[in-house]
Amino acid sequence: MKIKTYTALIICFIILSCKKEEKITNQITDKTEKNKSNDQGEKANLTVIYKTRNKNNSEEIRITVSKQSEYDKYLLAEDKNLILVSKYLKNENTFRLVKEDTLISNEYNYTSIGKESFEKVTIKDQEYILLSVHEVYQGSAVTDETVSFIILDTNTLKTYTLIYGGETTVHNGEAIVGKFTENKILDSNPEIKKALYDFANKSKWVFHASKDPNHYTNYMKKWETDNNTVNHLANGYSGIPDIIYSTYYKDDLFSFTGDYDESQSIENDNFKIVSYFRGNILAFDKNKQLYFPIYTEACVTGCDKKIRFVSENSIEVTYHESSQNETSIIHLNEIIFKN
């Protein structure tokens, strides 16, 4: 009787285990099918942004994107963005999909395709397509931005990518102050590398400054070097130092830095001073007819500064976005100028 009882228990355990395993397997299958369905649904909603055919009209390359902004077809601003490339071969009167690959897939990034994209180049009798994709995080916690310069082999759909990354600042519009990432794969393909760099160096997203550190286009970098600081923040502010070093420039730093509202500027008989929104404080010395940076800083939130004269040669700077409204006094005649 005991043997029969044990045997029955074992059989029961096996049956329950099998049912449990079957249930888990079904859950995994359901999840896989759901993900597969979601992927197919996302791909079904893609929009063709570019297509081209070969000379024989027998092959077609299509580049498709996920939901576009209603204001700009080159901007993708959803929580999840996707850019695909697909290759089709002509079969009688229709084109049949033969290969597909992902060019860009990200989440919570504003994603822009450069309007100069889809330029064609020929390297060693093979046709390539060039495109650029700019990505910036949707929140305010990350200030870094990247641009992917991509070259696509129309035969194999193989891609090579040159990455450029850095930060935008108030003085350079859309251009990113940054650098290119070293890429050993490109080093072993010099013709492709040259094509990518030629393409990238024409982009509005790549900032080109003079190699001369004393040139006015490098005034921010020089100010940061002279003051031994880098005031680029996501949120918050750096605070005004007690001793400030600066440099005189004959070139118009206001025009180079960009547009500003007149409410952001103050002037007296000696100076005109501008506090750029969440950015730099720049000055023009009317007596010397020279420009100079007083303070350089950039942030997403928290560092906007209000300025006013408190004496002929002194200004008050208030971080008005700060809960503490920190205030500093800068004596313009105490700034130390370097060559």
# chains A, B, ... in the order shown; residues from 1 in each chain; ligands from 1
$ residues_around --residues "stretch 87-92 of chain A" --least-positions-apart "5" --cutoff "6 Å" --atoms "only C-alpha atoms" --output "ChimeraX atom specification"
/A:58-61,97-99
$ closest_residue --among "A:Tyr164, A:Tyr137, A:Phe149, A:Phe292" --to "A:Ser246" --atoms "only C-alpha atoms"
A:Phe292
$ closest_residue --among "A:Glu316, A:Asp125, A:Glu78, A:Glu297" --to "A:Thr111" --atoms "only C-alpha atoms"
A:Glu78
$ closest_residue --among "A:Lys80, A:Glu312, A:Ser238, A:Gln68" --to "A:Ser105" --atoms "only C-alpha atoms"
A:Lys80
$ select_by_dssp --residues "stretch 195-286 of chain A" --states "helix (DSSP H, G or I)" --output "compact mmCIF listing (two decimals) with C-alpha atoms, in the first residue's frame"
# COMPACT_ATOMS: atom_id res chain seq x y z
CA ALA A 195 34.29 60.67 -47.30
CA LEU A 196 32.77 60.72 -43.82
CA TYR A 197 35.03 63.50 -42.53
CA ASP A 198 34.42 65.59 -45.67
CA PHE A 199 30.69 65.14 -45.15
CA ALA A 200 30.85 65.84 -41.40
CA TYR A 216 38.01 85.46 -30.73
CA THR A 217 36.11 82.31 -31.81
CA ASN A 218 37.83 80.55 -28.91
CA TYR A 219 37.03 83.20 -26.31
CA MET A 220 35.04 80.78 -24.12
CA LYS A 221 37.74 78.14 -24.09
CA LYS A 222 40.42 80.73 -23.31
CA TRP A 223 38.33 82.24 -20.50
CA GLU A 224 37.82 78.78 -18.99
CA THR A 225 41.54 78.01 -19.25
CA ASP A 226 42.56 81.32 -17.72
CA LEU A 253 31.66 89.17 -29.35
CA PHE A 254 27.99 90.16 -29.21
CA SER A 255 27.43 89.38 -32.89
CA PHE A 256 29.46 86.18 -32.68
CA THR A 257 27.60 84.99 -29.61
CA GLU A 262 17.50 94.29 -25.10
CA SER A 263 16.11 93.62 -21.63
CA GLN A 264 19.19 91.43 -21.10
$ residues_around --residues "A:Tyr110" --least-positions-apart "3" --cutoff "7 Å" --atoms "only C-alpha atoms" --output "CSV table (one decimal) with all heavy atoms, in the first residue's frame"
chain,number,residue,atom,x,y,z
A,76,LEU,N,12.3,63.5,-35.2
A,76,LEU,CA,11.6,62.4,-34.6
A,76,LEU,C,11.6,62.7,-33.1
A,76,LEU,O,12.7,62.8,-32.5
A,76,LEU,CB,12.2,61.1,-34.8
A,76,LEU,CG,12.6,60.8,-36.3
A,76,LEU,CD1,13.3,59.4,-36.4
A,76,LEU,CD2,11.4,60.8,-37.2
A,77,ALA,N,10.5,62.9,-32.4
A,77,ALA,CA,10.4,63.3,-31.0
A,77,ALA,C,9.5,62.4,-30.2
A,77,ALA,O,9.0,62.9,-29.1
A,77,ALA,CB,10.0,64.8,-31.0
A,135,GLU,N,21.3,63.5,-32.1
A,135,GLU,CA,20.5,63.0,-31.0
A,135,GLU,C,20.8,63.8,-29.7
A,135,GLU,O,21.9,64.0,-29.4
A,135,GLU,CB,20.8,61.5,-30.7
A,135,GLU,CG,20.5,60.6,-31.8
A,135,GLU,CD,21.0,59.2,-31.6
A,135,GLU,OE1,20.3,58.4,-30.9
A,135,GLU,OE2,22.1,58.8,-32.1
A,136,VAL,N,19.7,64.2,-29.0
A,136,VAL,CA,19.9,64.9,-27.8
A,136,VAL,C,18.8,64.4,-26.8
A,136,VAL,O,17.6,64.3,-27.2
A,136,VAL,CB,19.8,66.5,-28.0
A,136,VAL,CG1,18.5,66.9,-28.7
A,136,VAL,CG2,19.9,67.2,-26.6
A,137,TYR,N,19.2,64.2,-25.6
A,137,TYR,CA,18.3,63.7,-24.6
A,137,TYR,C,17.1,64.6,-24.3
A,137,TYR,O,17.3,65.8,-24.3
A,137,TYR,CB,19.1,63.4,-23.3
A,137,TYR,CG,18.3,62.6,-22.2
A,137,TYR,CD1,17.8,61.3,-22.4
A,137,TYR,CD2,17.9,63.3,-21.0
A,137,TYR,CE1,17.1,60.7,-21.5
A,137,TYR,CE2,17.2,62.6,-20.0
A,137,TYR,CZ,16.8,61.3,-20.3
A,137,TYR,OH,16.1,60.6,-19.3
A,138,GLN,N,15.9,64.1,-24.1
A,138,GLN,CA,14.7,64.9,-24.0
A,138,GLN,C,14.7,65.7,-22.7
A,138,GLN,O,14.1,66.7,-22.5
A,138,GLN,CB,13.5,64.1,-24.2
A,138,GLN,CG,13.2,63.6,-25.6
A,138,GLN,CD,11.9,62.8,-25.7
A,138,GLN,OE1,11.1,62.8,-24.8
A,138,GLN,NE2,11.7,62.3,-26.9
